[in-house]
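Below: entry14.txt (compact mmCIF, C-alpha atoms)
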```
# COMPACT_ATOMS: atom_id res chain seq x y z
CA MET A 1 -21.55 26.40 -53.19
CA THR A 2 -18.72 23.98 -53.85
CA ASP A 3 -15.51 24.49 -51.88
CA PHE A 4 -12.56 24.65 -54.29
CA SER A 5 -9.89 25.16 -51.60
CA PRO A 6 -6.54 23.76 -52.68
CA PRO A 7 -5.41 20.42 -51.24
CA PRO A 8 -2.70 20.34 -48.57
CA SER A 9 0.75 21.12 -49.83
CA PRO A 10 2.86 18.07 -50.58
CA ASP A 11 5.72 19.66 -48.69
CA THR A 12 3.61 19.87 -45.53
CA ILE A 13 2.60 16.21 -45.76
CA THR A 14 6.21 15.17 -46.29
CA VAL A 15 7.39 17.13 -43.23
CA GLU A 16 4.69 15.65 -40.97
CA ALA A 17 5.46 12.13 -42.16
CA SER A 18 9.17 12.68 -41.67
CA ALA A 19 8.73 13.95 -38.09
CA SER A 20 6.48 11.03 -37.18
CA THR A 21 8.90 8.56 -38.74
CA GLY A 22 11.81 10.11 -36.86
CA THR A 23 9.99 9.77 -33.53
CA ILE A 24 9.18 6.13 -34.23
CA GLN A 25 12.78 5.45 -35.23
CA ARG A 26 14.15 7.08 -32.07
CA ARG A 27 11.83 5.01 -29.90
CA ALA A 28 12.69 1.87 -31.84
CA ARG A 29 16.41 2.54 -31.42
CA GLY A 30 15.86 3.08 -27.68
CA PHE A 31 13.95 -0.20 -27.27
CA LEU A 32 16.52 -2.01 -29.41
CA ALA A 33 19.37 -0.65 -27.29
CA LEU A 34 17.61 -1.66 -24.07
CA PHE A 35 16.96 -5.12 -25.51
CA PHE A 36 20.62 -5.68 -26.39
CA VAL A 37 21.77 -4.29 -23.04
CA ALA A 38 19.40 -6.66 -21.21
CA ILE A 39 20.37 -9.69 -23.27
CA GLY A 40 24.04 -8.78 -22.94
CA LEU A 41 23.79 -8.58 -19.14
CA TYR A 42 21.91 -11.88 -19.10
CA THR A 43 24.64 -13.49 -21.24
CA LEU A 44 27.39 -12.22 -18.94
CA LYS A 45 25.53 -12.78 -15.67
CA GLY A 46 28.03 -15.41 -14.54
CA PHE A 47 30.96 -13.05 -15.13
CA LEU A 48 29.40 -9.79 -13.93
CA PRO A 49 31.03 -10.10 -10.47
CA ALA A 50 34.42 -10.48 -12.14
CA LEU A 51 33.82 -7.41 -14.32
CA LEU A 52 32.63 -5.39 -11.34
CA TRP A 53 35.64 -6.44 -9.26
CA GLY A 54 37.90 -5.41 -12.14
CA CYS A 55 36.21 -1.99 -12.19
CA VAL A 56 36.60 -1.66 -8.41
CA PHE A 57 40.30 -2.54 -8.64
CA ALA A 58 40.82 -0.08 -11.49
CA ILE A 59 39.04 2.77 -9.68
CA SER A 60 40.95 2.05 -6.47
CA ILE A 61 44.44 2.14 -7.96
CA TRP A 62 43.82 4.61 -10.80
CA PRO A 63 45.30 7.66 -8.99
CA LEU A 64 48.48 5.73 -8.19
CA TYR A 65 48.63 4.30 -11.73
CA ARG A 66 48.12 7.76 -13.22
CA ARG A 67 51.04 9.20 -11.24
CA ALA A 68 53.26 6.30 -12.29
CA GLU A 69 52.23 6.78 -15.93
CA LEU A 70 53.04 10.50 -15.83
CA ARG A 71 56.46 9.79 -14.34
CA LEU A 72 57.47 6.70 -16.35
CA GLY A 73 55.55 7.29 -19.57
CA ARG A 74 52.82 5.26 -21.24
CA SER A 75 53.68 1.66 -22.12
CA ASP A 76 52.09 -1.77 -22.24
CA TRP A 77 54.18 -3.19 -19.42
CA LEU A 78 53.01 -0.64 -16.81
CA PRO A 79 49.40 -1.95 -16.60
CA MET A 80 50.83 -5.47 -16.52
CA VAL A 81 53.04 -4.58 -13.54
CA PHE A 82 50.10 -3.06 -11.64
CA THR A 83 47.92 -6.05 -12.46
CA LEU A 84 50.57 -8.47 -11.18
CA ALA A 85 50.97 -6.35 -8.03
CA VAL A 86 47.22 -6.58 -7.34
CA ALA A 87 47.34 -10.32 -7.94
CA LEU A 88 50.21 -10.74 -5.47
CA ILE A 89 48.40 -8.64 -2.85
CA PHE A 90 45.65 -11.24 -2.85
CA LEU A 91 47.55 -14.44 -3.66
CA VAL A 92 50.37 -14.13 -1.11
CA PRO A 93 48.10 -13.90 1.98
CA VAL A 94 45.78 -16.59 0.60
CA SER A 95 48.77 -18.89 0.04
CA LEU A 96 50.07 -18.29 3.55
CA VAL A 97 46.64 -18.96 5.01
CA GLY A 98 46.35 -22.12 2.90
CA VAL A 99 49.68 -23.42 4.20
CA LYS A 100 48.66 -22.61 7.77
CA VAL A 101 45.29 -24.29 7.33
CA ALA A 102 47.00 -27.42 5.96
CA ASP A 103 49.35 -27.51 8.95
CA GLU A 104 46.46 -26.97 11.34
CA ALA A 105 44.47 -29.74 9.65
CA ARG A 106 47.34 -32.15 10.21
CA SER A 107 47.64 -31.00 13.83
CA ALA A 108 43.87 -31.41 14.24
CA LEU A 109 44.03 -35.00 13.00
CA GLU A 110 46.83 -35.76 15.44
CA TRP A 111 44.84 -34.09 18.24
CA ILE A 112 41.73 -36.15 17.41
CA ASP A 113 43.80 -39.34 17.53
CA ASP A 114 45.24 -38.33 20.91
CA VAL A 115 41.75 -37.48 22.23
CA ARG A 116 40.43 -40.90 21.20
CA ASN A 117 43.16 -42.54 23.26
CA ASN A 118 43.58 -40.21 26.24
CA GLY A 119 40.62 -37.81 26.36
CA ILE A 120 40.84 -34.04 26.88
CA PRO A 121 42.57 -33.03 30.11
CA MET A 122 40.76 -30.49 32.21
CA PRO A 123 42.24 -26.94 32.10
CA GLU A 124 43.66 -25.56 35.33
CA TRP A 125 41.21 -22.66 35.44
CA VAL A 126 38.02 -24.78 35.53
CA PRO A 127 38.21 -25.64 39.30
CA HIS A 128 38.92 -21.95 40.06
CA LEU A 129 35.83 -20.50 38.40
CA PRO A 130 34.09 -17.90 40.61
CA PHE A 131 30.78 -19.79 40.37
CA LEU A 132 29.60 -23.28 39.32
CA SER A 133 33.15 -24.57 39.60
CA ALA A 134 32.12 -27.89 41.15
CA GLN A 135 29.46 -28.57 38.51
CA ALA A 136 31.85 -27.65 35.68
CA THR A 137 34.58 -29.87 37.15
CA ASN A 138 32.24 -32.87 37.47
CA TRP A 139 30.88 -32.39 33.95
CA TRP A 140 34.36 -32.18 32.46
CA GLN A 141 35.56 -35.27 34.32
CA ASN A 142 32.49 -37.27 33.31
CA HIS A 143 32.33 -36.24 29.63
CA MET A 144 35.66 -34.88 28.40
CA THR A 145 38.30 -36.97 30.16
CA SER A 146 36.75 -40.31 29.19
CA PRO A 147 38.27 -41.68 25.95
CA GLN A 148 35.32 -44.02 25.44
CA ARG A 149 32.73 -41.20 25.43
CA LEU A 150 34.83 -38.98 23.15
CA SER A 151 35.66 -41.84 20.80
CA HIS A 152 31.95 -42.62 20.42
CA LEU A 153 31.27 -38.93 19.72
CA LEU A 154 34.02 -38.68 17.11
CA HIS A 155 32.95 -41.90 15.38
CA SER A 156 29.42 -40.50 15.06
CA VAL A 157 30.64 -37.81 12.65
CA ASP A 158 29.37 -38.44 9.11
CA VAL A 159 32.53 -38.98 7.04
CA GLY A 160 30.60 -39.06 3.77
CA HIS A 161 29.12 -35.66 4.48
CA GLY A 162 32.60 -34.34 5.18
CA MET A 163 33.85 -35.65 1.84
CA GLN A 164 30.90 -34.03 0.07
CA MET A 165 31.68 -30.72 1.73
CA THR A 166 35.30 -31.04 0.62
CA LYS A 167 34.21 -31.50 -3.00
CA GLN A 168 31.94 -28.47 -2.77
CA VAL A 169 34.75 -26.38 -1.32
CA GLY A 170 37.05 -27.48 -4.16
CA SER A 171 34.44 -26.57 -6.75
CA GLN A 172 33.90 -23.16 -5.19
CA LEU A 173 37.64 -22.52 -5.07
CA ALA A 174 37.95 -23.35 -8.77
CA ARG A 175 35.09 -21.01 -9.65
CA ARG A 176 36.45 -18.20 -7.47
CA GLY A 177 39.86 -18.63 -9.05
CA THR A 178 38.37 -18.33 -12.54
CA LEU A 179 36.45 -15.19 -11.61
CA PHE A 180 39.57 -13.71 -10.02
CA ALA A 181 41.53 -14.35 -13.22
CA PHE A 182 38.86 -12.56 -15.28
CA SER A 183 38.89 -9.71 -12.76
CA LEU A 184 42.62 -9.29 -13.31
CA LEU A 185 42.13 -9.43 -17.08
CA THR A 186 39.46 -6.71 -16.82
CA LEU A 187 41.78 -4.64 -14.64
CA PHE A 188 44.60 -4.89 -17.19
CA PHE A 189 42.50 -3.63 -20.10
CA LEU A 190 40.89 -0.89 -18.01
CA LEU A 191 44.33 0.39 -17.03
CA LYS A 192 45.67 0.03 -20.57
CA ASP A 193 42.75 1.94 -22.16
CA GLY A 194 41.80 4.00 -19.12
CA ASP A 195 41.90 7.43 -20.77
CA SER A 196 39.70 6.30 -23.64
CA VAL A 197 37.24 4.59 -21.29
CA ILE A 198 36.97 7.68 -19.07
CA ARG A 199 36.48 9.99 -22.05
CA LYS A 200 33.73 7.86 -23.56
CA CYS A 201 31.98 7.39 -20.20
CA LEU A 202 31.96 11.14 -19.64
CA LEU A 203 30.63 11.74 -23.16
CA GLY A 204 27.88 9.15 -22.74
CA SER A 205 26.98 10.51 -19.30
CA GLN A 206 26.78 14.04 -20.69
CA ARG A 207 24.47 12.98 -23.50
CA LEU A 208 22.17 10.92 -21.28
CA PHE A 209 22.04 12.84 -18.00
CA GLY A 210 23.67 16.21 -18.58
CA GLU A 211 26.01 17.78 -16.04
CA GLN A 212 24.50 15.90 -13.09
CA GLY A 213 25.57 12.57 -14.62
CA GLU A 214 29.23 13.51 -14.20
CA SER A 215 28.55 14.62 -10.61
CA LEU A 216 27.00 11.24 -9.84
CA ALA A 217 29.98 9.42 -11.35
CA LYS A 218 32.45 11.49 -9.30
CA GLN A 219 30.43 10.86 -6.14
CA MET A 220 30.43 7.10 -6.69
CA ILE A 221 34.17 7.08 -7.47
CA SER A 222 34.88 9.08 -4.31
CA SER A 223 32.82 6.53 -2.41
CA VAL A 224 34.94 3.67 -3.75
CA HIS A 225 38.14 5.49 -2.75
CA GLY A 226 36.74 6.27 0.69
CA THR A 227 35.58 2.68 1.14
CA LEU A 228 39.01 1.40 0.16
CA ALA A 229 40.64 3.59 2.79
CA GLY A 230 37.96 3.19 5.45
CA LEU A 231 37.40 -0.56 5.15
CA VAL A 232 40.41 -2.24 3.58
CA LEU A 233 43.27 -0.10 4.90
CA VAL A 234 41.71 0.37 8.34
CA GLY A 235 41.00 -3.37 8.52
CA LEU A 236 44.62 -4.15 7.65
CA GLY A 237 45.74 -1.71 10.32
CA GLU A 238 43.54 -3.36 12.93
CA GLY A 239 44.88 -6.76 11.92
CA ALA A 240 48.49 -5.55 12.21
CA ILE A 241 47.93 -4.04 15.67
CA MET A 242 46.09 -7.08 16.98
CA GLY A 243 48.74 -9.38 15.46
CA ILE A 244 51.35 -7.66 17.61
CA VAL A 245 49.09 -8.05 20.64
CA TYR A 246 48.54 -11.73 19.83
CA MET A 247 52.29 -12.38 19.66
CA ALA A 248 52.95 -10.42 22.85
CA THR A 249 50.33 -12.37 24.82
CA GLY A 250 51.35 -15.78 23.46
CA ALA A 251 48.15 -16.48 21.54
CA PRO A 252 48.13 -19.60 19.33
CA GLN A 253 48.90 -19.00 15.63
CA PRO A 254 49.22 -15.21 15.94
CA LEU A 255 49.95 -14.66 12.23
CA LEU A 256 46.93 -16.65 11.11
CA PHE A 257 44.60 -14.94 13.57
CA ALA A 258 46.05 -11.54 12.63
CA MET A 259 45.08 -12.20 8.98
CA VAL A 260 41.63 -13.40 10.00
CA THR A 261 41.18 -10.30 12.17
CA ALA A 262 42.25 -8.02 9.30
CA VAL A 263 39.74 -9.60 6.91
CA ALA A 264 36.95 -9.58 9.50
CA ALA A 265 37.71 -5.98 10.50
CA MET A 266 36.98 -4.81 6.93
CA ILE A 267 33.30 -5.13 7.87
CA PRO A 268 32.27 -2.90 10.80
CA PHE A 269 31.75 -4.72 14.11
CA LEU A 270 32.81 -8.09 12.65
CA ALA A 271 36.24 -8.06 14.31
CA TRP A 272 34.67 -8.56 17.76
CA PRO A 273 34.05 -12.34 17.35
CA THR A 274 37.64 -12.92 16.17
CA VAL A 275 39.15 -11.04 19.10
CA GLY A 276 36.76 -12.86 21.45
CA LEU A 277 37.81 -16.22 20.01
CA VAL A 278 41.50 -15.46 20.60
CA ALA A 279 40.70 -14.38 24.15
CA LEU A 280 38.85 -17.66 24.76
CA LEU A 281 41.80 -19.65 23.39
CA LEU A 282 44.13 -17.80 25.74
CA LEU A 283 41.72 -18.50 28.57
CA ALA A 284 41.75 -22.20 27.65
CA LYS A 285 45.56 -22.10 27.95
CA SER A 286 45.15 -20.73 31.51
CA SER A 287 46.44 -17.31 30.41
CA MET A 288 43.93 -15.10 32.19
CA ILE A 289 46.09 -11.95 31.91
CA GLY A 290 46.64 -12.49 28.18
CA ALA A 291 42.92 -12.90 27.59
CA ILE A 292 42.18 -9.68 29.47
CA VAL A 293 44.87 -7.78 27.53
CA VAL A 294 43.59 -9.02 24.16
CA SER A 295 39.99 -8.19 25.06
CA ALA A 296 40.85 -4.71 26.38
CA ILE A 297 43.17 -3.64 23.56
CA GLY A 298 40.91 -5.20 20.92
CA SER A 299 37.88 -3.34 22.28
CA VAL A 300 39.72 0.00 22.23
CA VAL A 301 41.13 -0.53 18.72
CA ILE A 302 37.79 -1.65 17.23
CA PHE A 303 35.86 1.14 18.97
CA ILE A 304 38.20 3.87 17.71
CA ALA A 305 38.31 2.45 14.18
CA ASP A 306 34.54 1.98 13.84
CA HIS A 307 33.41 5.20 15.52
CA PHE A 308 36.06 7.75 14.53
CA ILE A 309 38.44 6.69 11.77
CA ARG A 310 35.99 5.01 9.37
CA PRO A 311 33.34 7.76 9.48
CA ALA A 312 36.02 10.36 8.79
CA LEU A 313 37.53 8.45 5.84
CA ILE A 314 34.36 7.18 4.15
CA GLY A 315 31.86 9.91 5.02
CA GLY A 316 34.44 12.66 4.60
CA SER A 317 35.20 11.76 0.98
CA THR A 318 31.51 11.77 -0.02
CA LYS A 319 30.05 14.18 2.58
CA MET A 320 27.64 11.45 3.66
CA PRO A 321 26.32 10.87 7.20
CA PHE A 322 27.82 7.78 8.80
CA LEU A 323 24.38 6.16 9.03
CA TRP A 324 24.14 6.14 5.23
CA VAL A 325 27.67 4.74 5.03
CA LEU A 326 26.93 2.00 7.56
CA LEU A 327 23.67 1.04 5.84
CA GLY A 328 25.45 0.91 2.50
CA ILE A 329 28.23 -1.31 3.84
CA LEU A 330 26.04 -3.76 5.75
CA GLY A 331 23.23 -3.83 3.20
CA GLY A 332 25.66 -4.19 0.33
CA ALA A 333 27.52 -7.02 2.06
CA GLU A 334 24.25 -8.84 2.76
CA THR A 335 23.02 -8.43 -0.83
CA TRP A 336 26.20 -8.68 -2.92
CA GLY A 337 28.70 -10.38 -0.63
CA LEU A 338 32.21 -8.93 -0.46
CA LEU A 339 31.57 -6.96 -3.64
CA GLY A 340 28.78 -5.17 -1.78
CA LEU A 341 31.34 -3.57 0.53
CA PHE A 342 32.14 -1.27 -2.41
CA LEU A 343 28.85 -1.31 -4.33
CA GLY A 344 26.71 -0.54 -1.28
CA PRO A 345 28.43 2.73 -0.29
CA ALA A 346 28.65 3.76 -3.98
CA ILE A 347 24.90 3.30 -4.42
CA MET A 348 24.15 5.15 -1.19
CA ALA A 349 26.49 7.95 -2.27
CA ALA A 350 24.55 8.34 -5.52
CA LEU A 351 21.23 8.37 -3.64
CA HIS A 352 22.57 10.90 -1.15
CA LEU A 353 23.72 13.20 -3.96
CA LEU A 354 20.35 12.93 -5.72
CA TRP A 355 18.59 13.74 -2.47
CA THR A 356 20.89 16.72 -1.91
CA LEU A 357 20.32 18.07 -5.43
CA TRP A 358 16.57 17.57 -5.12
CA THR A 359 16.20 19.32 -1.76
CA GLU A 360 18.89 22.02 -1.85
CA VAL A 361 17.80 25.66 -1.71
CA ASN A 362 18.51 28.00 -4.60
CA PRO A 363 20.32 30.89 -2.88
CA ARG A 364 19.41 33.37 -5.63
CA LYS A 365 15.67 32.74 -5.76
CA GLY A 366 15.10 31.38 -2.26
CA VAL A 367 13.30 28.31 -3.59
CA TYR A 368 14.07 24.62 -3.56
CA ALA A 369 15.93 22.89 -6.35
CA GLU A 370 12.78 21.22 -7.72
CA ASP A 371 11.13 24.64 -8.12
CA LYS A 372 13.93 26.15 -10.19
CA GLY A 373 12.15 25.59 -13.46
CA SER A 374 8.83 27.01 -12.31
```
This structure in structure tokens:
Amino acid sequence: MTDFSPPPSPDTITVEASASTGTIQRRARGFLALFFVAIGLYTLKGFLPALLWGCVFAISIWPLYRRAELRLGRSDWLPMVFTLAVALIFLVPVSLVGVKVADEARSALEWIDDVRNNGIPMPEWVPHLPFLSAQATNWWQNHMTSPQRLSHLLHSVDVGHGMQMTKQVGSQLARRGTLFAFSLLTLFFLLKDGDSVIRKCLLGSQRLFGEQGESLAKQMISSVHGTLAGLVLVGLGEGAIMGIVYMATGAPQPLLFAMVTAVAAMIPFLAWPTVGLVALLLLAKSSMIGAIVVSAIGSVVIFIADHFIRPALIGGSTKMPFLWVLLGILGGAETWGLLGLFLGPAIMAALHLLWTLWTEVNPRKGVYAEDKGS
């Protein structure tokens, strides 16, 4: 018997085709968006550090900028003032260090000329060493006080290699200056359009990740603020304290070494070599008491800053264990350079929050977070 069942309804076929087409279009739009994001990042790969630094600057000073905007009102000159202030914070110390380095280079050339003619006199403390004093005295008299030996050593330095290194340093300075200028430009526009940028980021995060996307963003921003306080401000404080100690003990170039100590102290445990170098210079000047004072006070200051103040400032703002903070700082610095000092803790803060959300216990059901939907 022939089956005369009616064919499928045209409406049904149209609906099925429309649903399939919509799925294909959504996937195509997703792949197209990923393609343009990838090719955009590849196009801007040379300027990504500048953009990231601009974001770090904007996140760091946004609370202060927001208070100034509420008090003074919104205007175009306010973000320009903050941008110029950030530029001066970096340019003034760099200029002072550059002037000091130029003076030291001139002094070094004069010292090299004097060494070629007269040799290096033996410090007073070498014959009074508690052990191996005779051997050290003989070695110094045979190798360091002889102008002929030192002149031969200094002439063996490859001048051409030094000139090549100077050109490379100049090229790197030009590139760093360009990236810094673009960082300031990024900072200006982020401050100028900050409310719009925040609103759109929150909307995009809500659409892509839901409520947890905003929690991740807040955690990473808190990490940047904590890193700013725990690394930069604490490092500047260590540099200021040690600068006073350097001046009190008569260390050479106390201002320059105070700046170097402040920059080095922004990375945990890196201030030790700088303090040790100043102590050795004081020891070379026969200032045994000054070297002991610098070593003792420097050890106390660095120990307190690295073991008590930094964990409280960085870990307290993100509720992270200090081990995670330390791994983020050191790993970020090794991978991303100075920018990693901020990116590393931010990434670890996001991972720590994800781990917390994944493993937290639901107090109502007595199950873990991953079992909530079961």
Within 12 Å of region 179-184 of chain A, which residues of region 87-106 of chain A come that close, and what is the closest atom pair and distance in Å for each? Count all atoms listed in the file and give it as JSON lines.
```
{"residue": "A:Ala87", "atom": "CA", "partner": "A:Leu184", "partner_atom": "CA", "distance": 7.2}
{"residue": "A:Leu88", "atom": "CA", "partner": "A:Leu184", "partner_atom": "CA", "distance": 11.0}
{"residue": "A:Ile89", "atom": "CA", "partner": "A:Leu184", "partner_atom": "CA", "distance": 12.0}
{"residue": "A:Phe90", "atom": "CA", "partner": "A:Phe180", "partner_atom": "CA", "distance": 9.7}
{"residue": "A:Leu91", "atom": "CA", "partner": "A:Phe180", "partner_atom": "CA", "distance": 10.2}
```
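Nearest residue to Ser295 (chain A), choosing from A:Tyr246, A:Trp336, A:Trp77, A:Trp62 and counting only C-alpha atoms: A:Tyr246.
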Original post:
What is the CA of Cys55 (chain A)-CA of Pro79 (chain A) distance in Å, reported with one decimal?
Top reply: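 These two atoms are separated by 13.9 Å.
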Original post:
With all atoms listed in the file as the basis for distance, which of A:Leu313, A:Ile289, A:Ala305, A:Leu354 is at the shortest distance from Thr249 (chain A)?
Top reply: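 With all atoms listed in the file as the atom set, the closest residue is A:Ile289.
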Original post:
Separation of CA of Ala265 (chain A) and CA of Leu231 (chain A), in Å?
Top reply: 7.6 Å
Subject >> Using all atoms listed in the file: which of A:Leu216, A:Ile24, A:Gly194, A:Ser75 has the shortest distance to Trp355 (chain A) >> reply: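 Closest to Trp355 (chain A), using all atoms listed in the file: A:Leu216.
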Original post:
Skipping near chain neighbours, those fewer than 6 positions away, what residues fall within 7 Å of region 272-281 of chain A using only C-alpha atoms, listed as a ChimeraX atom specification?
Top reply: /A:251,261,291,294-295,298
Subject >> All residues 12 Å or closer to Gly46 (chain A), only C-alpha atoms, same chain fewer than 2 positions away omitted, as a list of chain:residue names >> reply: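 The filter keeps A:Gly40, A:Leu41, A:Tyr42, A:Thr43, A:Leu44, A:Leu48, A:Pro49, A:Ala50, A:Leu51, A:Leu52, A:Arg175, A:Arg176, A:Thr178, A:Leu179, A:Phe182.
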**OP:** Go through A:Val97, A:Leu187, A:Leu78, A:Val300 and flag the residue nearest Val56 (chain A), using all atoms listed in the file for the distances.
**Re:**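 Nearest to Val56 (chain A): A:Leu187.
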Subject >> Pairwise distance for CA of Leu330 (chain A) and CA of Ile267 (chain A), rounded to one decimal in Å >> reply: 7.7 Å
Subject >> Residues near Ile292 (chain A), cut-off 9 Å, only C-alpha atoms, skip fewer than 4 positions along chain, as a ChimeraX atom specification >> reply: /A:279,283,287-288,296-297
Okay, now the selection with C-alpha atoms, as a PDB file, keeping the file's coordinate frame?
```pdb
ATOM      1  CA  ALA A 279      40.700 -14.380  24.150  1.00  0.00           C
ATOM      2  CA  LEU A 283      41.720 -18.500  28.570  1.00  0.00           C
ATOM      3  CA  SER A 287      46.440 -17.310  30.410  1.00  0.00           C
ATOM      4  CA  MET A 288      43.930 -15.100  32.190  1.00  0.00           C
ATOM      5  CA  ALA A 296      40.850  -4.710  26.380  1.00  0.00           C
ATOM      6  CA  ILE A 297      43.170  -3.640  23.560  1.00  0.00           C
TER       7      ILE A 297
END
```
